[in-house]
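Participant: Data file query-v8.csv (CSV, C-alpha atoms) is appended below.
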chain,number,residue,atom,x,y,z
A,1,MET,CA,0.0,0.0,0.0
A,2,VAL,CA,1.3,3.5,-0.9
A,3,ASP,CA,0.7,6.3,1.5
A,4,ARG,CA,-0.9,9.1,-0.7
A,5,PRO,CA,-2.0,11.8,1.7
A,6,GLY,CA,-3.4,14.1,-1.1
A,7,ALA,CA,-2.5,17.6,-2.2
A,8,GLU,CA,-2.7,19.2,1.3
A,9,GLY,CA,-0.6,16.5,2.9
A,10,ASP,CA,2.0,16.5,0.1
A,11,LEU,CA,2.3,20.3,0.4
A,12,ARG,CA,2.7,20.1,4.2
A,13,TYR,CA,5.5,17.5,3.9
A,14,MET,CA,7.3,19.3,1.1
A,15,ARG,CA,7.2,22.6,3.1
A,16,TRP,CA,8.8,20.6,5.9
A,17,ALA,CA,11.5,19.3,3.5
A,18,LEU,CA,12.1,22.9,2.4
A,19,GLU,CA,12.8,23.8,6.1
A,20,LEU,CA,15.3,21.0,6.3
A,21,ALA,CA,16.9,22.3,3.1
A,22,ARG,CA,17.3,25.7,4.8
A,23,ARG,CA,19.0,24.0,7.7
A,24,ALA,CA,21.5,22.5,5.2
A,25,GLU,CA,22.1,25.9,3.8
A,26,ALA,CA,22.6,27.4,7.2
A,27,GLU,CA,25.3,24.8,7.8
A,28,GLY,CA,27.0,25.7,4.5
A,29,GLU,CA,25.8,22.6,2.6
A,30,VAL,CA,23.9,22.5,-0.7
A,31,PRO,CA,20.3,23.2,0.4
A,32,VAL,CA,18.5,19.9,0.0
A,33,GLY,CA,16.1,18.4,2.5
A,34,ALA,CA,14.2,15.1,2.7
A,35,LEU,CA,11.4,13.7,4.8
A,36,LEU,CA,10.2,10.1,5.0
A,37,VAL,CA,6.6,9.4,5.9
A,38,LYS,CA,4.6,6.3,6.6
A,39,GLN,CA,0.9,6.2,7.3
A,40,GLY,CA,0.9,9.9,8.0
A,41,GLN,CA,3.8,9.8,10.5
A,42,VAL,CA,7.2,11.3,9.8
A,43,ILE,CA,9.7,8.5,10.5
A,44,GLY,CA,12.9,10.1,9.2
A,45,GLU,CA,14.3,13.4,8.1
A,46,GLY,CA,17.6,14.5,6.6
A,47,TRP,CA,19.4,17.4,5.0
A,48,ASN,CA,22.6,17.4,3.0
A,49,ARG,CA,25.6,16.9,5.3
A,50,PRO,CA,28.5,15.5,3.1
A,51,ILE,CA,30.9,18.4,4.0
A,52,ALA,CA,30.2,18.4,7.7
A,53,SER,CA,30.3,14.6,8.0
A,54,ARG,CA,33.1,14.1,5.5
A,55,ASP,CA,30.8,11.5,3.9
A,56,PRO,CA,30.1,11.6,0.2
A,57,THR,CA,26.9,9.5,0.8
A,58,ALA,CA,25.4,12.0,3.4
A,59,HIS,CA,22.8,13.3,1.0
A,60,ALA,CA,19.4,14.3,2.5
A,61,GLU,CA,17.6,11.3,1.1
A,62,VAL,CA,20.1,8.8,2.4
A,63,LEU,CA,20.0,10.4,5.9
A,64,ALA,CA,16.2,10.3,5.9
A,65,LEU,CA,16.3,6.6,4.9
A,66,ARG,CA,18.7,5.8,7.6
A,67,ALA,CA,16.6,7.6,10.2
A,68,GLY,CA,13.5,5.8,8.9
A,69,ALA,CA,15.1,2.4,9.0
A,70,ALA,CA,16.2,3.1,12.6
A,71,THR,CA,12.7,4.2,13.6
A,72,LEU,CA,11.1,1.1,12.1
A,73,GLY,CA,14.0,-1.3,13.0
A,74,ASN,CA,14.1,-2.5,9.4
A,75,TYR,CA,16.2,-1.7,6.4
A,76,ARG,CA,13.1,-2.2,4.2
A,77,LEU,CA,10.7,0.7,4.1
A,78,PRO,CA,7.6,-0.4,2.1
A,79,GLY,CA,4.6,1.8,2.1
A,80,THR,CA,6.7,4.9,2.7
A,81,THR,CA,6.8,8.2,0.8
A,82,LEU,CA,10.0,10.2,0.5
A,83,TYR,CA,9.6,14.0,0.0
A,84,VAL,CA,12.8,15.7,-1.3
A,85,THR,CA,13.5,19.2,-2.5
A,86,LEU,CA,15.7,18.1,-5.4
A,87,GLU,CA,15.2,15.2,-7.8
A,88,PRO,CA,17.3,12.2,-6.4
A,89,CYS,CA,20.7,11.5,-7.9
A,90,VAL,CA,21.7,7.9,-9.1
A,91,MET,CA,23.2,7.0,-5.7
A,92,CYS,CA,20.1,8.1,-3.8
A,93,ALA,CA,17.8,6.4,-6.3
A,94,GLY,CA,19.6,3.2,-5.7
A,95,ALA,CA,19.2,3.5,-2.0
A,96,ILE,CA,15.5,4.3,-2.4
A,97,ILE,CA,15.0,1.2,-4.5
A,98,HIS,CA,16.9,-1.1,-2.1
A,99,ALA,CA,14.9,0.3,0.8
A,100,ARG,CA,11.7,-0.5,-1.2
A,101,VAL,CA,10.3,3.1,-0.8
A,102,ALA,CA,6.9,3.1,-2.5
A,103,ARG,CA,6.7,6.8,-3.6
A,104,VAL,CA,9.0,9.8,-4.1
A,105,VAL,CA,7.7,13.3,-4.3
A,106,TYR,CA,10.4,15.8,-5.4
A,107,ALA,CA,10.3,19.6,-5.9
A,108,ALA,CA,13.0,20.8,-8.3
A,109,ALA,CA,14.2,18.7,-11.3
A,110,ASP,CA,17.9,18.1,-11.6
A,111,PRO,CA,18.8,18.5,-15.3
A,112,LYS,CA,22.4,17.5,-14.6
A,113,GLY,CA,22.0,14.3,-12.6
A,114,GLY,CA,18.4,13.6,-11.8
A,115,ALA,CA,17.6,9.9,-11.7
A,116,ALA,CA,13.8,10.2,-11.7
A,117,GLY,CA,13.5,11.0,-15.3
A,118,SER,CA,15.4,14.2,-16.0
A,119,VAL,CA,18.7,12.5,-17.0
A,120,PHE,CA,18.3,8.9,-15.9
A,121,GLU,CA,15.2,6.8,-15.3
A,122,VAL,CA,16.3,4.7,-12.4
A,123,LEU,CA,13.3,4.9,-10.0
A,124,GLY,CA,10.8,3.7,-12.6
A,125,SER,CA,13.0,1.3,-14.5
A,126,ASP,CA,11.4,-2.1,-15.3
A,127,ARG,CA,14.9,-3.6,-15.4
A,128,LEU,CA,15.2,-3.4,-11.6
A,129,ASN,CA,13.5,-5.5,-9.0
A,130,HIS,CA,11.4,-2.5,-7.5
A,131,ARG,CA,9.7,0.4,-9.1
A,132,VAL,CA,8.9,3.7,-7.3
A,133,LEU,CA,6.0,5.9,-8.0
A,134,VAL,CA,7.3,9.4,-8.7
A,135,ASP,CA,5.6,12.8,-8.5
A,136,GLY,CA,7.8,15.7,-9.4
A,137,GLY,CA,7.5,19.5,-9.4
A,138,LEU,CA,5.7,20.1,-6.1
A,139,LEU,CA,6.9,23.6,-4.9
A,140,ALA,CA,9.6,23.4,-7.6
A,141,GLY,CA,9.9,27.2,-7.8
A,142,ALA,CA,10.7,27.5,-4.1
A,143,ALA,CA,13.3,24.7,-4.1
A,144,ALA,CA,14.9,25.9,-7.3
A,145,GLY,CA,15.1,29.4,-6.0
A,146,LEU,CA,16.8,28.3,-2.8
A,147,LEU,CA,19.4,26.3,-4.9
A,148,ARG,CA,20.0,29.2,-7.3
A,149,GLU,CA,20.5,31.7,-4.6
A,150,PHE,CA,22.8,29.4,-2.7
A,151,PHE,CA,25.1,28.9,-5.8
A,152,ARG,CA,24.9,32.6,-6.7
A,153,ARG,CA,26.3,33.5,-3.3
A,154,ARG,CA,29.1,30.9,-3.6
A,155,ARG,CA,30.4,32.3,-6.9
Would you mind giving the structure from this file in structure tokens?
Facilitator:
Amino acid sequence: MVDRPGAEGDLRYMRWALELARRAEAEGEVPVGALLVKQGQVIGEGWNRPIASRDPTAHAEVLALRAGAATLGNYRLPGTTLYVTLEPCVMCAGAIIHARVARVVYAAADPKGGAAGSVFEVLGSDRLNHRVLVDGGLLAGAAAGLLREFFRRRR
């Protein structure tokens, strides 16, 4: 069963993910946030932390998945929805598939490395043992604006 809370729920969770992205930005990280939800309960959250943690895998999605797995006491996360402010990369898409996440809702597309259809189609591939439902573009303007402003200041 896929947790589909409807437009209001999706908006609420994506706004929460945007707050997590702002937390990453405040820490000097690329502003990406992620939230993992099961049956209307937040079971994991994460924001980009590869610089602070000196860990190239410390993307927001991976941290949210780790937190969710710890909450449930299981590395499999069926029936969950992952909300993320940027389309997942190939690494994160692989983790999402291995965790058996049911659905991903992302805000901004990633035209340079997105693995949910922008560059690669990993999450919906019929060549893999699990397919993830994907909804993209929710609050895309807000998420893209946060990223643009972050990189503008860094230049």
Participant: To one decimal place, how far is CA of Ala95 in chain A from CA of Leu63 in chain A in Å?
Facilitator: 10.5 Å
Participant: Can you tell me which residues surround Phe150 in chain A at a distance of at most 8 Å, considering only C-alpha atoms, apart from same-chain residues fewer than 5 positions away, and format the answer as a ChimeraX atom specification?
Facilitator: /A:25,30-31
Participant: Please, what distance in Å, to one decimal, runs between CA of Pro78 in chain A and CA of Val101 in chain A?
Facilitator: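 Result for CA of Pro78 in chain A versus CA of Val101 in chain A: 5.3 Å, one decimal.
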Participant: Using all atoms listed in the file for the distances, tell me which of A:Ala108, A:Ala17, A:Ala60, A:Ala26 is nearest to Leu86 in chain A.
Facilitator: A:Ala108
Participant: Could you tell me which of A:Ser118, A:Gly141, A:Arg155, A:Leu65 comes closest to Ile43 in chain A if we count only C-alpha atoms?
Facilitator: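 Of A:Ser118, A:Gly141, A:Arg155, A:Leu65, the one nearest Ile43 in chain A, counting only C-alpha atoms, is A:Leu65.
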Participant: With a distance cut-off of 8 Å and all atoms listed in the file, select the neighbouring residues of range 135-138 of chain A, excluding the residue or stretch itself and same-chain residues fewer than 3 positions from it, and output the selection as a ChimeraX atom specification.
Facilitator: /A:11,14,87,103-109
Participant: Given the point (9.3, 21.9, 0.4) in the file's coordinates, find the residues that have an atom at most 7 Å from it, counting all atoms listed in the file, and give them as a ChimeraX atom specification.
Facilitator: /A:13-19,85,107,139,143
